[in-house]
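Engineer: The structure's right below; bear with me while I get my questions together.
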Amino acid sequence: MNYQKILFEIEEELKDFPNNGKIATYIPELSKVNPDKFGGYLYCVNGTHSSFGDAEERFSIQSISKTFGLSLAMLLKGDELWKRIDVEPSGSSYNSLYQLERENGIPRNPFINSGALVITDILLSEYDHPKDEILKFVRKISGVESIDFDESVAESEKLHGHRNAALAHLMKAFGNIHNDINTILDIYFYQCSLAMSCGELAKTFMLYANEGKILETNEEIMPPIKIQRINALMQTCGFYDEAGEFAFRVGLPGKSGVGGGIVAIHPEKYSAVVWSPKLNEKGNSLLGMEALERLTKKTGFSIF
Ligand code: GLU
């Protein structure tokens, strides 16, 4: 399969694609990004890779980072984790207070904000320095030591993160948050602020395409059963209220973020990442979804 040829074709086809998406502005720092950025990267299990456009430029990965927090929590905890967080698609917005109230402070899944906040609470109970552990994990599985948080994005979100604070307080009232709320929010905002390129993300997510092993060294970081479960959650819950649409159009597990990045993986084949900052109404990269749909159509590879 000539992935490079396919990626160039997709880039060419989408040059004049009508993109009426909108860049996220509710975190003011994110609105400074050039909305026309567009890049993609595909990393294969045989070690080859292909790319186009702005694939090497770092951007704010936002909710894609929830996969890393979840992975660490699943390494630390057994099935008791699922008493505090459910594994169902939310069917509502990623920061819904209403659903959380109705469901007694138990988040629908680890990828909506309330779920990611419970995960952060768990990391804070288990680690002395959770932010360092998150960085250590990403640097290890990507093999890129220079990956870091973007403090200006984290601080910008901190000033405007009232809804996340409300979610944490509501869960504390239900007894599902154990630690100090400001500390949890600080860690969560820093995790979301991780800046990575499509290439770095594609390499990192090979862990999830390669049964929990780092591709180059074959070192097992996570047992395959835990990887299977994370992939199942990405499939059913990775795209806000559009996980069904993504499964229907693209047919791969994945995770998106409001920075305009989307990661998709084909277990035992490849990881693919697209970045285009303009989002559709559901908060997913409009061009990113279009590009990945074309990828699975052209290759004929989807998990279905
Ligand atoms: N830091 C963002 C928030 O909490 C993440 C949103 C996202 O990418 O889905 O609102």
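Chain labels A, B, ... are given in the sequence in which chains occur in the structure tokens; within each chain residues are numbered consecutively from 1, and ligands are likewise numbered from 1 in the order shown.
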Which residues are near ligand 1 - at most 9 Å, using only C-alpha atoms and all ligand atoms? Format: as a PyMOL selection string.

Structural biologist: chain A and resi 26-27+60-66+94-95+111-114+116+154+157+161+163-164+188-193+239-240+256-261+283-284

Engineer: Would you pick out the contacts of A:Gly212 at 7 Å or less, using only C-alpha atoms, so that residues sharing its chain but fewer than 4 positions from it are not included, and give the list as a list in words?

Structural biologist: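 With the cut-off at 7 Å, the set is Leu207, Tyr208, Glu220, Ile221, Met222, Pro223, Pro224 and Ile227 of chain A.
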
Engineer: Do you know which residues are at most 10 Å from A:Ala209 counting only C-alpha atoms, after dropping those on the same chain fewer than 4 positions away, and could you put them as number ranges by chain?

Structural biologist: A: 43-45, 202-205, 213-215, 227-228, 231, 253, 264-271

Engineer: Now that the selection is made, can you save its residues with N, CA and C atoms as an mmCIF file, in the first residue's frame?

Structural biologist:
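Contents of out_39.cif, freshly written:
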```cif
data_model
loop_
_atom_site.group_PDB
_atom_site.id
_atom_site.type_symbol
_atom_site.label_atom_id
_atom_site.label_comp_id
_atom_site.auth_asym_id
_atom_site.auth_seq_id
_atom_site.Cartn_x
_atom_site.Cartn_y
_atom_site.Cartn_z
ATOM 1 N N TYR A 43 1.812 6.450 10.534
ATOM 2 C CA TYR A 43 2.940 5.630 10.999
ATOM 3 C C TYR A 43 2.512 4.167 10.965
ATOM 4 N N CYS A 44 3.300 3.362 10.265
ATOM 5 C CA CYS A 44 2.916 1.946 10.093
ATOM 6 C C CYS A 44 3.623 1.037 11.090
ATOM 7 N N VAL A 45 3.031 -0.103 11.358
ATOM 8 C CA VAL A 45 3.685 -1.046 12.279
ATOM 9 C C VAL A 45 4.996 -1.595 11.709
ATOM 10 N N ALA A 202 1.491 10.499 16.109
ATOM 11 C CA ALA A 202 1.358 9.222 15.388
ATOM 12 C C ALA A 202 2.301 8.189 16.006
ATOM 13 N N LYS A 203 3.509 8.623 16.322
ATOM 14 C CA LYS A 203 4.486 7.696 16.907
ATOM 15 C C LYS A 203 4.011 7.248 18.299
ATOM 16 N N THR A 204 3.508 8.199 19.063
ATOM 17 C CA THR A 204 3.044 7.887 20.421
ATOM 18 C C THR A 204 1.887 6.889 20.391
ATOM 19 N N PHE A 205 0.964 7.121 19.462
ATOM 20 C CA PHE A 205 -0.227 6.253 19.417
ATOM 21 C C PHE A 205 0.044 4.890 18.791
ATOM 22 N N LYS A 213 2.993 -2.275 22.968
ATOM 23 C CA LYS A 213 4.469 -2.316 22.930
ATOM 24 C C LYS A 213 5.018 -1.122 22.150
ATOM 25 N N ILE A 214 6.170 -0.615 22.619
ATOM 26 C CA ILE A 214 6.856 0.427 21.856
ATOM 27 C C ILE A 214 7.427 -0.229 20.599
ATOM 28 N N LEU A 215 7.171 0.390 19.458
ATOM 29 C CA LEU A 215 7.498 -0.249 18.180
ATOM 30 C C LEU A 215 8.997 -0.571 18.038
ATOM 31 N N ILE A 227 -5.002 -2.320 26.437
ATOM 32 C CA ILE A 227 -4.989 -1.591 25.160
ATOM 33 C C ILE A 227 -6.317 -1.819 24.434
ATOM 34 N N GLN A 228 -6.769 -3.085 24.422
ATOM 35 C CA GLN A 228 -8.057 -3.393 23.773
ATOM 36 C C GLN A 228 -9.175 -2.528 24.348
ATOM 37 N N ASN A 231 -8.863 1.097 23.295
ATOM 38 C CA ASN A 231 -9.308 1.237 21.897
ATOM 39 C C ASN A 231 -10.831 1.166 21.796
ATOM 40 N N PRO A 253 -11.017 3.358 15.691
ATOM 41 C CA PRO A 253 -10.993 3.996 17.013
ATOM 42 C C PRO A 253 -10.120 5.244 16.957
ATOM 43 N N ALA A 264 -6.304 8.551 14.865
ATOM 44 C CA ALA A 264 -7.071 7.326 14.628
ATOM 45 C C ALA A 264 -6.079 6.177 14.529
ATOM 46 N N ILE A 265 -6.469 5.042 15.027
ATOM 47 C CA ILE A 265 -5.543 3.909 14.901
ATOM 48 C C ILE A 265 -6.242 2.722 14.247
ATOM 49 N N HIS A 266 -5.442 1.989 13.497
ATOM 50 C CA HIS A 266 -5.912 0.716 12.968
ATOM 51 C C HIS A 266 -5.082 -0.351 13.670
ATOM 52 N N PRO A 267 -5.685 -1.075 14.648
ATOM 53 C CA PRO A 267 -4.886 -2.033 15.406
ATOM 54 C C PRO A 267 -4.091 -2.962 14.489
ATOM 55 N N GLU A 268 -2.845 -3.121 14.831
ATOM 56 C CA GLU A 268 -1.883 -3.967 14.102
ATOM 57 C C GLU A 268 -1.567 -3.469 12.695
ATOM 58 N N LYS A 269 -1.985 -2.244 12.361
ATOM 59 C CA LYS A 269 -1.635 -1.701 11.030
ATOM 60 C C LYS A 269 -0.934 -0.349 11.123
ATOM 61 N N TYR A 270 -1.635 0.662 11.629
ATOM 62 C CA TYR A 270 -1.030 1.994 11.621
ATOM 63 C C TYR A 270 -1.714 2.929 12.620
ATOM 64 N N SER A 271 -1.068 4.067 12.857
ATOM 65 C CA SER A 271 -1.759 5.171 13.518
ATOM 66 C C SER A 271 -1.712 6.356 12.557
#
```

Engineer: What does the structure give for the distance between atom CA of A:Leu30 and atom CA of A:Ile147, in Å to one decimal?

Structural biologist: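 Computing the Euclidean distance for atom CA of A:Leu30 and atom CA of A:Ile147 yields 18.2 Å.
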
Engineer: My list of candidates is A:Thr25, A:Ser51, A:Thr296, A:Asn176. Which is closest to A:Trp275 when distances are computed with only C-alpha atoms?

Structural biologist: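 Closest residue, counting only C-alpha atoms: A:Ser51.
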
Engineer: Measuring atom to atom with only C-alpha atoms, identify which of A:Ser276, A:Thr183, A:Thr299, A:Asn2 is nearest to A:Gly40.

Structural biologist: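 Of the candidates, the smallest distance to A:Gly40 is held by A:Ser276.
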
Engineer: Near A:Leu123, within 8 Å and counting only C-alpha atoms, which residues show up once chain neighbours fewer than 6 positions away are dropped, as a list in words?

Structural biologist: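 Answer for this query is Gly69, Leu72, Ala73 and Pro130 of chain A.
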
Engineer: Quick one: of A:Glu126, A:Asp36, A:Glu155, A:Glu57, who's nearest to A:Lys22, counting only C-alpha atoms?

Structural biologist: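 Of all the options, A:Asp36 lies closest to A:Lys22.
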
Engineer: Taking only C-alpha atoms into account, which of A:Ile184, A:Ala173, A:Leu159, A:Met196 comes nearest A:Val144?

Structural biologist: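 Of the candidates, the smallest distance to A:Val144 is held by A:Met196.
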
Engineer: Among stretch 59-296 of chain A, which residues does DSSP mark as strand (DSSP E) when it is run on the backbone? Keep the chain and numbering as in the structure and answer as a list in words.

Structural biologist: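 Residues of stretch 59-296 of chain A classed as strand (DSSP E): Phe59, Ser60, Asp148, Phe149, Leu194, Ala195, Met196, Gly254, Lys255, Ser256, Gly261, Ile262, Val263, Ala264, Ile265, His266, Tyr270, Ser271, Ala272, Val273, Val274 and Trp275 of chain A.
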
Engineer: Could you list, as a PyMOL selection string, every residue within 12 Å of stretch 166-169 of chain A, counting only C-alpha atoms and ignoring same-chain residues fewer than 6 positions away?

Structural biologist: chain A and resi 94-101+104-107+112-121+160+175-186+188

Engineer: Would you mind exporting the chosen residues as an mmCIF file, in the first residue's frame, restricted to C-alpha atoms?

Structural biologist:
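selection00.cif written:
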```cif
data_model
loop_
_atom_site.group_PDB
_atom_site.id
_atom_site.type_symbol
_atom_site.label_atom_id
_atom_site.label_comp_id
_atom_site.auth_asym_id
_atom_site.auth_seq_id
_atom_site.Cartn_x
_atom_site.Cartn_y
_atom_site.Cartn_z
ATOM 1 C CA TYR A 94 -18.364 16.695 26.728
ATOM 2 C CA ASN A 95 -18.829 19.146 29.579
ATOM 3 C CA SER A 96 -22.466 18.499 30.481
ATOM 4 C CA LEU A 97 -23.368 19.243 34.084
ATOM 5 C CA TYR A 98 -26.926 18.144 33.612
ATOM 6 C CA GLN A 99 -26.059 14.538 32.758
ATOM 7 C CA LEU A 100 -23.594 14.336 35.651
ATOM 8 C CA GLU A 101 -26.216 15.556 38.110
ATOM 9 C CA ASN A 104 -25.138 10.986 40.690
ATOM 10 C CA GLY A 105 -21.663 12.289 39.886
ATOM 11 C CA ILE A 106 -20.522 9.192 37.944
ATOM 12 C CA PRO A 107 -19.124 10.330 34.576
ATOM 13 C CA ILE A 112 -15.667 13.484 28.702
ATOM 14 C CA ASN A 113 -14.300 16.222 30.940
ATOM 15 C CA SER A 114 -15.855 14.919 34.155
ATOM 16 C CA GLY A 115 -14.356 11.471 33.489
ATOM 17 C CA ALA A 116 -10.942 12.942 32.800
ATOM 18 C CA LEU A 117 -11.180 14.916 36.060
ATOM 19 C CA VAL A 118 -11.848 11.714 38.045
ATOM 20 C CA ILE A 119 -8.852 10.141 36.277
ATOM 21 C CA THR A 120 -6.754 13.150 37.306
ATOM 22 C CA ASP A 121 -7.989 12.766 40.882
ATOM 23 C CA HIS A 160 -11.664 30.453 31.821
ATOM 24 C CA GLY A 175 -18.101 11.945 46.905
ATOM 25 C CA ASN A 176 -16.458 11.052 43.580
ATOM 26 C CA ILE A 177 -13.567 13.520 43.908
ATOM 27 C CA HIS A 178 -11.156 12.963 46.794
ATOM 28 C CA ASN A 179 -8.426 15.583 46.433
ATOM 29 C CA ASP A 180 -8.174 19.360 46.338
ATOM 30 C CA ILE A 181 -10.120 20.702 43.354
ATOM 31 C CA ASN A 182 -7.697 23.467 42.362
ATOM 32 C CA THR A 183 -4.809 21.008 42.296
ATOM 33 C CA ILE A 184 -6.820 18.611 40.121
ATOM 34 C CA LEU A 185 -7.770 21.389 37.707
ATOM 35 C CA ASP A 186 -4.179 22.562 37.466
ATOM 36 C CA TYR A 188 -5.850 18.569 34.077
#
```

Engineer: If you run DSSP over the backbone, which residues in stretch 10-102 of chain A end up alpha helix (DSSP H)? Put them as a list in words.

Structural biologist: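 The alpha helix (DSSP H) residues within stretch 10-102 of chain A come out as Ile10, Glu11, Glu12, Glu13, Lys66, Thr67, Phe68, Gly69, Leu70, Ser71, Leu72, Ala73, Met74, Leu75, Leu76, Leu81, Trp82, Lys83, Arg84, Leu97, Tyr98, Gln99, Leu100, Glu101 and Arg102 of chain A.
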
Engineer: To one decimal place, how far is atom CA of A:Leu76 from atom CA of A:Phe174 in Å?

Structural biologist: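 Computing the Euclidean distance for atom CA of A:Leu76 and atom CA of A:Phe174 yields 23.3 Å.
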
Engineer: What is the distance, in Å and to one decimal place, between atom CA of A:Glu200 and atom CA of A:Thr236?

Structural biologist: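 Going from atom CA of A:Glu200 over to atom CA of A:Thr236 covers 24.2 Å.
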
Engineer: Need to verify the contact set: A:Ile230, 8 Å, only C-alpha atoms, exclusion of same-chain residues closer than 4 positions in sequence. Can you return it as a count of residues only?

Structural biologist: 5

Engineer: Looking at A:Pro89, A:Asp132, A:Glu151, A:Gly300, which one is nearest to A:Gly244, with distances taken over only C-alpha atoms?

Structural biologist: A:Pro89

Engineer: Can you tell me which residues surround A:Arg294 at a distance of at most 12 Å, considering only C-alpha atoms, apart from same-chain residues fewer than 6 positions away, and format the answer as number ranges by chain?

Structural biologist: A: 3, 6-14, 249-251, 274, 287-288, 300-302

Engineer: Now that the selection is made, can you save its residues with all heavy atoms as a compact mmCIF listing (two decimals), in the first residue's frame?

Structural biologist:
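Result written to part-v7.txt:
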```txt
# COMPACT_ATOMS: atom_id res chain seq x y z
N TYR A 3 1.03 4.51 1.04
CA TYR A 3 0.34 5.49 1.89
C TYR A 3 0.73 6.93 1.53
O TYR A 3 -0.09 7.83 1.60
CB TYR A 3 0.65 5.23 3.36
CG TYR A 3 -0.03 4.00 3.93
CD1 TYR A 3 0.71 2.92 4.39
CD2 TYR A 3 -1.42 3.92 4.02
CE1 TYR A 3 0.09 1.79 4.93
CE2 TYR A 3 -2.05 2.81 4.54
CZ TYR A 3 -1.28 1.74 4.99
OH TYR A 3 -1.90 0.64 5.51
N ILE A 6 -1.31 8.16 -1.26
CA ILE A 6 -2.69 8.39 -0.82
C ILE A 6 -2.80 9.69 -0.02
O ILE A 6 -3.72 10.49 -0.21
CB ILE A 6 -3.20 7.18 -0.01
CG1 ILE A 6 -3.36 5.98 -0.95
CG2 ILE A 6 -4.50 7.48 0.72
CD1 ILE A 6 -3.73 4.69 -0.28
N LEU A 7 -1.83 9.92 0.86
CA LEU A 7 -1.87 11.16 1.66
C LEU A 7 -1.77 12.40 0.77
O LEU A 7 -2.48 13.39 0.97
CB LEU A 7 -0.76 11.16 2.71
CG LEU A 7 -0.90 10.19 3.89
CD1 LEU A 7 0.16 10.49 4.95
CD2 LEU A 7 -2.28 10.26 4.54
N PHE A 8 -0.87 12.36 -0.20
CA PHE A 8 -0.74 13.51 -1.12
C PHE A 8 -2.03 13.72 -1.91
O PHE A 8 -2.45 14.86 -2.15
CB PHE A 8 0.44 13.32 -2.08
CG PHE A 8 1.78 13.63 -1.43
CD1 PHE A 8 2.94 13.00 -1.86
CD2 PHE A 8 1.90 14.58 -0.41
CE1 PHE A 8 4.18 13.28 -1.28
CE2 PHE A 8 3.14 14.88 0.17
CZ PHE A 8 4.28 14.22 -0.26
N GLU A 9 -2.66 12.63 -2.30
CA GLU A 9 -3.94 12.73 -3.02
C GLU A 9 -4.98 13.44 -2.14
O GLU A 9 -5.69 14.33 -2.59
CB GLU A 9 -4.50 11.33 -3.33
CG GLU A 9 -4.12 10.77 -4.68
CD GLU A 9 -4.53 9.29 -4.78
OE1 GLU A 9 -5.60 8.90 -4.23
OE2 GLU A 9 -3.76 8.54 -5.38
N ILE A 10 -5.05 13.00 -0.89
CA ILE A 10 -6.04 13.60 0.03
C ILE A 10 -5.75 15.08 0.23
O ILE A 10 -6.65 15.92 0.18
CB ILE A 10 -6.03 12.85 1.39
CG1 ILE A 10 -6.50 11.41 1.19
CG2 ILE A 10 -6.89 13.56 2.42
CD1 ILE A 10 -6.33 10.50 2.40
N GLU A 11 -4.48 15.42 0.41
CA GLU A 11 -4.10 16.83 0.59
C GLU A 11 -4.56 17.64 -0.62
O GLU A 11 -5.16 18.71 -0.48
CB GLU A 11 -2.58 16.95 0.77
CG GLU A 11 -2.13 18.38 1.00
CD GLU A 11 -0.61 18.52 0.97
OE1 GLU A 11 0.07 17.72 0.30
OE2 GLU A 11 -0.11 19.47 1.62
N GLU A 12 -4.29 17.13 -1.79
CA GLU A 12 -4.64 17.82 -3.04
C GLU A 12 -6.17 17.98 -3.15
O GLU A 12 -6.68 19.06 -3.42
CB GLU A 12 -4.07 16.98 -4.21
CG GLU A 12 -4.12 17.64 -5.56
CD GLU A 12 -3.40 18.99 -5.60
OE1 GLU A 12 -2.39 19.16 -4.90
OE2 GLU A 12 -3.90 19.89 -6.33
N GLU A 13 -6.88 16.87 -2.90
CA GLU A 13 -8.35 16.90 -3.03
C GLU A 13 -8.99 17.90 -2.08
O GLU A 13 -10.03 18.48 -2.36
CB GLU A 13 -8.93 15.51 -2.73
CG GLU A 13 -8.70 14.48 -3.82
CD GLU A 13 -9.02 13.07 -3.33
OE1 GLU A 13 -9.67 12.90 -2.27
OE2 GLU A 13 -8.59 12.12 -3.99
N LEU A 14 -8.37 18.07 -0.91
CA LEU A 14 -9.01 18.91 0.11
C LEU A 14 -8.57 20.37 0.06
O LEU A 14 -9.02 21.18 0.87
CB LEU A 14 -8.76 18.32 1.50
CG LEU A 14 -9.46 16.97 1.75
CD1 LEU A 14 -9.18 16.47 3.16
CD2 LEU A 14 -10.96 17.07 1.54
N ARG A 249 -18.36 7.01 9.33
CA ARG A 249 -17.64 7.57 8.18
C ARG A 249 -16.22 7.05 8.06
O ARG A 249 -15.71 6.83 6.97
CB ARG A 249 -17.61 9.10 8.29
CG ARG A 249 -18.94 9.74 7.94
CD ARG A 249 -18.92 11.25 8.14
NE ARG A 249 -17.87 11.93 7.40
CZ ARG A 249 -17.54 13.21 7.56
NH1 ARG A 249 -18.20 13.95 8.44
NH2 ARG A 249 -16.57 13.75 6.86
N VAL A 250 -15.54 6.87 9.19
CA VAL A 250 -14.11 6.52 9.16
C VAL A 250 -13.90 5.04 9.53
O VAL A 250 -13.14 4.33 8.88
CB VAL A 250 -13.30 7.43 10.10
CG1 VAL A 250 -11.82 7.08 10.07
CG2 VAL A 250 -13.50 8.91 9.73
N GLY A 251 -14.56 4.61 10.60
CA GLY A 251 -14.47 3.20 10.96
C GLY A 251 -13.20 2.80 11.68
O GLY A 251 -12.71 1.68 11.54
N VAL A 274 -4.34 13.70 11.93
CA VAL A 274 -4.59 14.86 11.08
C VAL A 274 -4.80 16.08 11.98
O VAL A 274 -5.38 15.96 13.06
CB VAL A 274 -5.84 14.64 10.19
CG1 VAL A 274 -6.04 15.83 9.26
CG2 VAL A 274 -5.69 13.37 9.36
N LEU A 287 -12.03 19.29 8.65
CA LEU A 287 -11.19 18.74 7.58
C LEU A 287 -10.53 17.43 8.02
O LEU A 287 -10.31 16.53 7.21
CB LEU A 287 -10.10 19.77 7.25
CG LEU A 287 -9.71 19.98 5.80
CD1 LEU A 287 -10.91 20.18 4.91
CD2 LEU A 287 -8.74 21.15 5.68
N GLY A 288 -10.25 17.35 9.31
CA GLY A 288 -9.64 16.13 9.85
C GLY A 288 -10.53 14.92 9.63
O GLY A 288 -10.07 13.85 9.20
N GLY A 300 -9.27 1.09 1.80
CA GLY A 300 -10.18 -0.05 2.01
C GLY A 300 -9.99 -0.66 3.39
O GLY A 300 -10.56 -1.70 3.71
N PHE A 301 -9.18 -0.01 4.25
CA PHE A 301 -8.93 -0.54 5.59
C PHE A 301 -9.76 0.20 6.64
O PHE A 301 -9.55 1.38 6.88
CB PHE A 301 -7.47 -0.37 6.01
CG PHE A 301 -6.49 -1.15 5.20
CD1 PHE A 301 -5.18 -0.72 5.08
CD2 PHE A 301 -6.87 -2.34 4.60
CE1 PHE A 301 -4.26 -1.43 4.36
CE2 PHE A 301 -5.94 -3.07 3.86
CZ PHE A 301 -4.65 -2.61 3.73
N SER A 302 -10.67 -0.49 7.25
CA SER A 302 -11.30 0.05 8.46
C SER A 302 -11.47 -1.18 9.35
O SER A 302 -11.26 -2.30 8.89
CB SER A 302 -12.63 0.72 8.13
OG SER A 302 -13.72 -0.05 8.55
```

Engineer: Nearest to A:His49: which of A:Lys5, A:Lys298, A:Lys282, A:Arg229 is it, counting only C-alpha atoms?

Structural biologist: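 Closest residue, counting only C-alpha atoms: A:Lys5.
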